[in-house]
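Source file: protein34.cif. Holds: mmCIF, N, CA and C atoms.
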```cif
data_structure
#
loop_
_atom_site.label_atom_id
_atom_site.label_comp_id
_atom_site.auth_asym_id
_atom_site.auth_seq_id
_atom_site.Cartn_x
_atom_site.Cartn_y
_atom_site.Cartn_z
N MET A 1 0.80 -1.16 0.00
CA MET A 1 0.00 0.00 0.00
C MET A 1 0.86 1.26 0.00
N MET A 2 0.38 2.20 -0.68
CA MET A 2 1.12 3.45 -0.79
C MET A 2 0.70 4.40 0.31
N ASN A 3 1.63 5.11 0.72
CA ASN A 3 1.37 6.10 1.76
C ASN A 3 0.81 7.36 1.10
N SER A 4 -0.36 7.77 1.48
CA SER A 4 -1.00 8.91 0.84
C SER A 4 -0.82 10.21 1.62
N ARG A 5 -0.10 10.13 2.66
CA ARG A 5 0.12 11.37 3.41
C ARG A 5 1.07 12.30 2.64
N PRO A 6 0.79 13.62 2.65
CA PRO A 6 1.70 14.54 1.95
C PRO A 6 3.03 14.69 2.71
N GLN A 7 4.06 14.88 1.93
CA GLN A 7 5.38 15.07 2.52
C GLN A 7 5.42 16.43 3.23
N PRO A 8 6.00 16.51 4.42
CA PRO A 8 6.09 17.80 5.10
C PRO A 8 7.07 18.73 4.35
N ARG A 9 6.71 20.01 4.25
CA ARG A 9 7.56 21.00 3.58
C ARG A 9 8.67 21.44 4.53
N PRO A 10 9.82 21.66 4.02
CA PRO A 10 10.88 22.15 4.91
C PRO A 10 10.52 23.54 5.42
N ARG A 11 10.67 23.74 6.69
CA ARG A 11 10.35 25.03 7.31
C ARG A 11 11.63 25.69 7.80
N GLY A 12 11.62 27.00 7.84
CA GLY A 12 12.75 27.75 8.36
C GLY A 12 13.72 28.23 7.30
N PHE A 13 13.54 27.87 6.06
CA PHE A 13 14.45 28.30 5.00
C PHE A 13 14.39 29.81 4.81
N ILE A 14 13.21 30.39 4.84
CA ILE A 14 13.04 31.84 4.68
C ILE A 14 13.71 32.57 5.84
N LEU A 15 13.59 32.05 7.04
CA LEU A 15 14.20 32.67 8.21
C LEU A 15 15.71 32.75 8.07
N ILE A 16 16.33 31.70 7.60
CA ILE A 16 17.79 31.70 7.41
C ILE A 16 18.18 32.71 6.35
N THR A 17 17.43 32.80 5.27
CA THR A 17 17.71 33.77 4.21
C THR A 17 17.59 35.20 4.72
N VAL A 18 16.54 35.48 5.47
CA VAL A 18 16.33 36.83 6.01
C VAL A 18 17.46 37.19 6.99
N LEU A 19 17.85 36.27 7.84
CA LEU A 19 18.94 36.54 8.78
C LEU A 19 20.25 36.79 8.03
N PHE A 20 20.51 36.04 6.98
CA PHE A 20 21.71 36.27 6.17
C PHE A 20 21.68 37.65 5.53
N LEU A 21 20.56 38.06 4.97
CA LEU A 21 20.45 39.38 4.35
C LEU A 21 20.63 40.49 5.38
N ILE A 22 20.08 40.31 6.57
CA ILE A 22 20.25 41.32 7.63
C ILE A 22 21.72 41.43 8.01
N ALA A 23 22.41 40.32 8.10
CA ALA A 23 23.83 40.34 8.43
C ALA A 23 24.64 41.05 7.35
N VAL A 24 24.34 40.78 6.09
CA VAL A 24 25.04 41.43 4.98
C VAL A 24 24.78 42.93 5.00
N LEU A 25 23.55 43.34 5.22
CA LEU A 25 23.23 44.77 5.29
C LEU A 25 23.91 45.45 6.47
N ALA A 26 24.01 44.76 7.59
CA ALA A 26 24.69 45.33 8.76
C ALA A 26 26.17 45.54 8.47
N VAL A 27 26.80 44.57 7.82
CA VAL A 27 28.22 44.71 7.46
C VAL A 27 28.40 45.88 6.50
N MET A 28 27.53 46.01 5.53
CA MET A 28 27.62 47.13 4.58
C MET A 28 27.45 48.46 5.30
N ALA A 29 26.56 48.55 6.26
CA ALA A 29 26.35 49.79 7.01
C ALA A 29 27.59 50.16 7.80
N VAL A 30 28.24 49.18 8.42
CA VAL A 30 29.45 49.45 9.18
C VAL A 30 30.58 49.92 8.27
N VAL A 31 30.74 49.30 7.12
CA VAL A 31 31.79 49.70 6.18
C VAL A 31 31.53 51.11 5.67
N MET A 32 30.31 51.42 5.32
CA MET A 32 29.98 52.77 4.83
C MET A 32 30.19 53.80 5.92
N SER A 33 29.86 53.47 7.15
CA SER A 33 30.04 54.40 8.25
C SER A 33 31.52 54.70 8.49
N SER A 34 32.35 53.68 8.48
CA SER A 34 33.78 53.90 8.70
C SER A 34 34.40 54.66 7.53
N THR A 35 33.96 54.38 6.31
CA THR A 35 34.46 55.11 5.15
C THR A 35 34.10 56.58 5.23
N THR A 36 32.89 56.87 5.63
CA THR A 36 32.45 58.26 5.78
C THR A 36 33.26 58.95 6.86
N SER A 37 33.54 58.27 7.94
CA SER A 37 34.34 58.84 9.03
C SER A 37 35.75 59.16 8.56
N VAL A 38 36.37 58.26 7.81
CA VAL A 38 37.72 58.50 7.30
C VAL A 38 37.73 59.67 6.32
N GLN A 39 36.71 59.76 5.48
CA GLN A 39 36.64 60.87 4.52
C GLN A 39 36.46 62.20 5.24
N THR A 40 35.70 62.22 6.31
CA THR A 40 35.51 63.45 7.08
C THR A 40 36.82 63.89 7.71
N ILE A 41 37.55 62.96 8.30
CA ILE A 41 38.83 63.30 8.93
C ILE A 41 39.83 63.77 7.88
N THR A 42 39.85 63.11 6.73
CA THR A 42 40.77 63.50 5.66
C THR A 42 40.48 64.90 5.15
N SER A 43 39.21 65.22 4.96
CA SER A 43 38.87 66.55 4.46
C SER A 43 39.15 67.62 5.51
N MET A 44 38.96 67.31 6.79
CA MET A 44 39.29 68.28 7.84
C MET A 44 40.79 68.51 7.88
N TYR A 45 41.58 67.45 7.71
CA TYR A 45 43.03 67.59 7.70
C TYR A 45 43.49 68.41 6.49
N SER A 46 42.87 68.20 5.34
CA SER A 46 43.21 68.98 4.14
C SER A 46 42.89 70.45 4.34
N LEU A 47 41.77 70.73 4.99
CA LEU A 47 41.41 72.11 5.29
C LEU A 47 42.44 72.76 6.22
N GLN A 48 42.90 72.02 7.23
CA GLN A 48 43.92 72.56 8.13
C GLN A 48 45.23 72.82 7.38
N GLN A 49 45.58 71.94 6.43
CA GLN A 49 46.79 72.15 5.65
C GLN A 49 46.67 73.42 4.80
N ALA A 50 45.51 73.64 4.22
CA ALA A 50 45.30 74.86 3.42
C ALA A 50 45.37 76.10 4.31
N ARG A 51 44.82 76.02 5.51
CA ARG A 51 44.89 77.16 6.44
C ARG A 51 46.34 77.42 6.86
N ALA A 52 47.10 76.35 7.09
CA ALA A 52 48.51 76.52 7.46
C ALA A 52 49.29 77.17 6.34
N LEU A 53 49.02 76.77 5.11
CA LEU A 53 49.70 77.39 3.97
C LEU A 53 49.34 78.86 3.86
N ALA A 54 48.07 79.20 4.03
CA ALA A 54 47.66 80.60 3.97
C ALA A 54 48.30 81.42 5.10
N ALA A 55 48.39 80.85 6.29
CA ALA A 55 49.03 81.56 7.41
C ALA A 55 50.52 81.76 7.14
N ALA A 56 51.18 80.75 6.60
CA ALA A 56 52.60 80.88 6.29
C ALA A 56 52.83 81.93 5.20
N GLN A 57 51.97 81.94 4.19
CA GLN A 57 52.10 82.95 3.13
C GLN A 57 51.86 84.35 3.68
N SER A 58 50.91 84.49 4.59
CA SER A 58 50.67 85.80 5.21
C SER A 58 51.89 86.25 6.01
N GLY A 59 52.48 85.32 6.76
CA GLY A 59 53.68 85.65 7.51
C GLY A 59 54.83 86.04 6.60
N LEU A 60 54.96 85.35 5.47
CA LEU A 60 56.01 85.67 4.51
C LEU A 60 55.80 87.06 3.91
N GLU A 61 54.57 87.37 3.55
CA GLU A 61 54.27 88.70 3.00
C GLU A 61 54.57 89.79 4.03
N TYR A 62 54.25 89.52 5.29
CA TYR A 62 54.56 90.47 6.35
C TYR A 62 56.07 90.67 6.45
N GLY A 63 56.82 89.56 6.42
CA GLY A 63 58.27 89.66 6.51
C GLY A 63 58.89 90.39 5.33
N VAL A 64 58.38 90.15 4.13
CA VAL A 64 58.89 90.85 2.94
C VAL A 64 58.59 92.34 3.04
N GLN A 65 57.40 92.68 3.46
CA GLN A 65 57.03 94.10 3.60
C GLN A 65 57.92 94.79 4.61
N ARG A 66 58.19 94.12 5.74
CA ARG A 66 59.05 94.72 6.77
C ARG A 66 60.48 94.87 6.26
N ALA A 67 60.99 93.86 5.55
CA ALA A 67 62.36 93.93 5.06
C ALA A 67 62.52 95.03 4.02
N VAL A 68 61.57 95.13 3.11
CA VAL A 68 61.68 96.12 2.04
C VAL A 68 61.46 97.53 2.59
N SER A 69 60.47 97.73 3.44
CA SER A 69 60.18 99.09 3.92
C SER A 69 61.20 99.56 4.95
N ALA A 70 61.67 98.67 5.84
CA ALA A 70 62.62 99.08 6.89
C ALA A 70 64.07 98.93 6.43
N GLY A 71 64.30 98.13 5.40
CA GLY A 71 65.66 97.94 4.93
C GLY A 71 66.48 97.01 5.82
N THR A 72 65.80 96.26 6.65
CA THR A 72 66.50 95.33 7.55
C THR A 72 65.62 94.11 7.81
N CYS A 73 66.24 93.04 8.20
CA CYS A 73 65.50 91.81 8.48
C CYS A 73 64.92 91.83 9.89
N THR A 74 63.76 91.27 10.01
CA THR A 74 63.12 91.09 11.31
C THR A 74 62.77 89.62 11.47
N ASN A 75 63.32 88.99 12.50
CA ASN A 75 63.04 87.59 12.79
C ASN A 75 62.08 87.51 13.97
N GLY A 76 61.29 86.45 14.01
CA GLY A 76 60.43 86.23 15.17
C GLY A 76 59.03 85.82 14.78
N GLY A 77 58.19 85.81 15.78
CA GLY A 77 56.81 85.39 15.58
C GLY A 77 55.94 86.52 15.08
N VAL A 78 54.94 86.13 14.34
CA VAL A 78 53.94 87.07 13.82
C VAL A 78 52.59 86.65 14.37
N THR A 79 51.86 87.60 14.92
CA THR A 79 50.52 87.31 15.42
C THR A 79 49.51 87.68 14.35
N LEU A 80 48.77 86.68 13.90
CA LEU A 80 47.72 86.90 12.92
C LEU A 80 46.38 86.80 13.64
N PRO A 81 45.60 87.86 13.65
CA PRO A 81 44.34 87.83 14.40
C PRO A 81 43.36 86.79 13.82
N GLY A 82 42.73 86.04 14.71
CA GLY A 82 41.71 85.08 14.30
C GLY A 82 42.26 83.79 13.72
N VAL A 83 43.57 83.57 13.83
CA VAL A 83 44.18 82.38 13.26
C VAL A 83 44.80 81.58 14.40
N ASN A 84 44.55 80.28 14.40
CA ASN A 84 45.05 79.41 15.46
C ASN A 84 46.37 78.76 15.05
N PHE A 85 47.29 79.56 14.52
CA PHE A 85 48.59 79.06 14.08
C PHE A 85 49.69 79.91 14.70
N THR A 86 50.81 79.28 14.97
CA THR A 86 52.01 80.00 15.35
C THR A 86 52.81 80.21 14.08
N VAL A 87 53.09 81.48 13.76
CA VAL A 87 53.81 81.81 12.54
C VAL A 87 55.16 82.41 12.92
N ILE A 88 56.22 81.77 12.45
CA ILE A 88 57.59 82.24 12.71
C ILE A 88 58.20 82.67 11.39
N VAL A 89 58.72 83.90 11.37
CA VAL A 89 59.36 84.44 10.17
C VAL A 89 60.86 84.51 10.43
N ALA A 90 61.64 83.98 9.50
CA ALA A 90 63.10 84.04 9.58
C ALA A 90 63.61 84.78 8.36
N CYS A 91 64.60 85.66 8.60
CA CYS A 91 65.11 86.49 7.51
C CYS A 91 66.62 86.64 7.65
N THR A 92 67.30 86.49 6.55
CA THR A 92 68.73 86.81 6.49
C THR A 92 68.94 87.74 5.31
N SER A 93 69.88 88.64 5.47
CA SER A 93 70.13 89.59 4.38
C SER A 93 71.60 89.55 3.99
N VAL A 94 71.82 89.73 2.70
CA VAL A 94 73.15 89.87 2.16
C VAL A 94 73.17 91.23 1.50
N GLY A 95 73.89 92.14 2.08
CA GLY A 95 73.92 93.51 1.56
C GLY A 95 75.16 93.78 0.75
N GLY A 96 75.10 94.84 -0.01
CA GLY A 96 76.26 95.29 -0.75
C GLY A 96 76.60 94.43 -1.95
N ILE A 97 75.63 93.85 -2.59
CA ILE A 97 75.89 93.07 -3.80
C ILE A 97 75.92 94.04 -4.97
N ASN A 98 76.98 93.98 -5.73
CA ASN A 98 77.16 94.89 -6.85
C ASN A 98 76.72 94.17 -8.13
N GLU A 99 75.63 94.65 -8.71
CA GLU A 99 75.14 94.10 -9.96
C GLU A 99 75.20 95.19 -11.02
N ALA A 100 76.18 95.08 -11.88
CA ALA A 100 76.36 96.03 -12.98
C ALA A 100 76.38 97.47 -12.47
N GLY A 101 77.11 97.68 -11.39
CA GLY A 101 77.27 99.03 -10.87
C GLY A 101 76.20 99.45 -9.88
N GLU A 102 75.16 98.65 -9.70
CA GLU A 102 74.12 98.97 -8.72
C GLU A 102 74.30 98.11 -7.49
N ILE A 103 74.28 98.77 -6.34
CA ILE A 103 74.40 98.06 -5.07
C ILE A 103 72.99 97.66 -4.62
N SER A 104 72.82 96.39 -4.32
CA SER A 104 71.50 95.93 -3.88
C SER A 104 71.64 94.99 -2.69
N THR A 105 70.53 94.80 -2.01
CA THR A 105 70.47 93.90 -0.86
C THR A 105 69.52 92.75 -1.19
N VAL A 106 69.94 91.54 -0.86
CA VAL A 106 69.11 90.35 -1.09
C VAL A 106 68.64 89.84 0.27
N TYR A 107 67.33 89.65 0.37
CA TYR A 107 66.73 89.12 1.60
C TYR A 107 66.23 87.70 1.32
N ASP A 108 66.63 86.78 2.18
CA ASP A 108 66.16 85.40 2.10
C ASP A 108 65.22 85.18 3.28
N LEU A 109 63.93 85.04 2.97
CA LEU A 109 62.92 84.93 4.01
C LEU A 109 62.23 83.58 3.97
N SER A 110 61.84 83.10 5.14
CA SER A 110 61.00 81.92 5.23
C SER A 110 60.00 82.14 6.36
N ALA A 111 58.82 81.56 6.18
CA ALA A 111 57.78 81.65 7.21
C ALA A 111 57.22 80.25 7.42
N THR A 112 57.10 79.87 8.68
CA THR A 112 56.57 78.56 9.04
C THR A 112 55.35 78.74 9.92
N ALA A 113 54.24 78.15 9.50
CA ALA A 113 53.00 78.18 10.28
C ALA A 113 52.77 76.78 10.86
N THR A 114 52.49 76.72 12.15
CA THR A 114 52.33 75.44 12.85
C THR A 114 51.12 75.51 13.77
N THR A 115 50.41 74.40 13.87
CA THR A 115 49.36 74.25 14.87
C THR A 115 49.38 72.82 15.39
N GLY A 116 48.97 72.64 16.62
CA GLY A 116 48.95 71.31 17.22
C GLY A 116 50.31 70.93 17.78
N THR A 117 50.41 69.71 18.24
CA THR A 117 51.63 69.18 18.84
C THR A 117 52.16 68.06 17.95
N PHE A 118 53.47 68.09 17.71
CA PHE A 118 54.09 67.08 16.85
C PHE A 118 53.80 65.69 17.39
N GLY A 119 53.37 64.80 16.50
CA GLY A 119 53.04 63.43 16.89
C GLY A 119 51.56 63.21 17.12
N ASN A 120 50.80 64.29 17.26
CA ASN A 120 49.35 64.18 17.44
C ASN A 120 48.64 64.31 16.10
N VAL A 121 47.39 63.90 16.07
CA VAL A 121 46.61 63.91 14.82
C VAL A 121 46.43 65.33 14.30
N GLY A 122 46.24 66.31 15.15
CA GLY A 122 45.96 67.67 14.71
C GLY A 122 47.17 68.49 14.33
N TYR A 123 48.36 67.88 14.29
CA TYR A 123 49.57 68.64 13.98
C TYR A 123 49.67 68.92 12.49
N VAL A 124 49.83 70.20 12.16
CA VAL A 124 50.01 70.63 10.77
C VAL A 124 51.08 71.70 10.74
N THR A 125 51.97 71.63 9.77
CA THR A 125 52.97 72.67 9.60
C THR A 125 53.20 72.90 8.10
N ARG A 126 53.43 74.15 7.74
CA ARG A 126 53.75 74.50 6.36
C ARG A 126 54.82 75.61 6.40
N THR A 127 55.76 75.50 5.47
CA THR A 127 56.83 76.49 5.36
C THR A 127 56.87 77.00 3.92
N VAL A 128 56.98 78.31 3.79
CA VAL A 128 57.14 78.93 2.47
C VAL A 128 58.40 79.80 2.52
N ARG A 129 59.00 80.03 1.35
CA ARG A 129 60.26 80.74 1.28
C ARG A 129 60.26 81.68 0.10
N ALA A 130 60.94 82.80 0.26
CA ALA A 130 61.07 83.76 -0.85
C ALA A 130 62.44 84.45 -0.75
N VAL A 131 62.95 84.82 -1.90
CA VAL A 131 64.17 85.60 -1.98
C VAL A 131 63.81 86.92 -2.67
N VAL A 132 64.12 88.02 -1.99
CA VAL A 132 63.74 89.34 -2.49
C VAL A 132 65.02 90.15 -2.72
N ASN A 133 65.09 90.76 -3.87
CA ASN A 133 66.21 91.61 -4.23
C ASN A 133 65.74 93.05 -4.24
N GLN A 134 66.39 93.89 -3.43
CA GLN A 134 65.97 95.29 -3.38
C GLN A 134 67.12 96.18 -3.80
#
```
Rewritten as structure tokens:
Amino acid sequence: MMNSRPQPRPRGFILITVLFLIAVLAVMAVVMSSTTSVQTITSMYSLQQARALAAAQSGLEYGVQRAVSAGTCTNGGVTLPGVNFTVIVACTSVGGINEAGEISTVYDLSATATTGTFGNVGYVTRTVRAVVNQ
């Protein structure tokens, strides 16, 4: 005699599939979150680098203006209002250079803008240099 009872259907297959999909979506969410966090930190660091460059260029322009108008080098820190950078301007001059009968002075200037502490994440420094012949 043949057994006429229907075969039982496997149960729980959908549950396993749904749990697998939830796990995959959770992993994707974590990866996207960490990627977004890294991109945010990278863009903030790039912004700080641009600010450091602008502060160093401002310090260099200040040093050039002082050297040309006063006729002498001024070394030391420059305070830039509203800027969270330490700007140090260094200047050396070579005077009495004779170029085709004209005596001129050459100023070698550099400005370094720094913020944060070396070794920490927020540390940024930029240095710019110029040579001015007057």
Enumerate as an NGL selection string all residues of chain A assigned to strand (DSSP E) by DSSP on the backbone, naming them with the chain letters and numbers the document uses. :A and (76-78 or 86-99 or 102-115 or 124-133)
Please compute the atom CA of Ala52 of chain A-atom CA of Val128 of chain A distance, one decimal, in Å. 10.3 Å
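With only N, CA and C atoms as the atoms that count, the minimum distance from Ser110 of chain A to the choices A:Ile14, A:Ala67, A:Ala56, A:Ile41 is reached by A:Ala56.
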DSSP-assigned alpha helix (DSSP H) among chain A, expressed as a PyMOL selection string: chain A and resi 13-70
May I ask for the distance between atom C of Thr127 of chain A and atom C of Ala111 of chain A, given in Å to one decimal place?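 So the answer is 4.8 Å.
Matched in the shown structure by the PyMOL selection byres ((chain A and resi 124) around 6.5): Gln48, Gln49, Ala52, Ala113, Thr114, Thr115, Gly116, Thr117, Val121, Gly122, Tyr123, Thr125 and Arg126 of chain A.
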Enter the distance from atom CA of Thr35 of chain A to atom CA of Ile22 of chain A, in Å, rounded to one decimal. 20.0 Å
May I have the protein, DNA and RNA residues with an atom at most 7 Å from (68.9, 88.4, 4.0), counting all atoms listed in the file in the file's coordinates, returned as a VMD selection string? chain A and resid 73 91 to 95 105 to 109
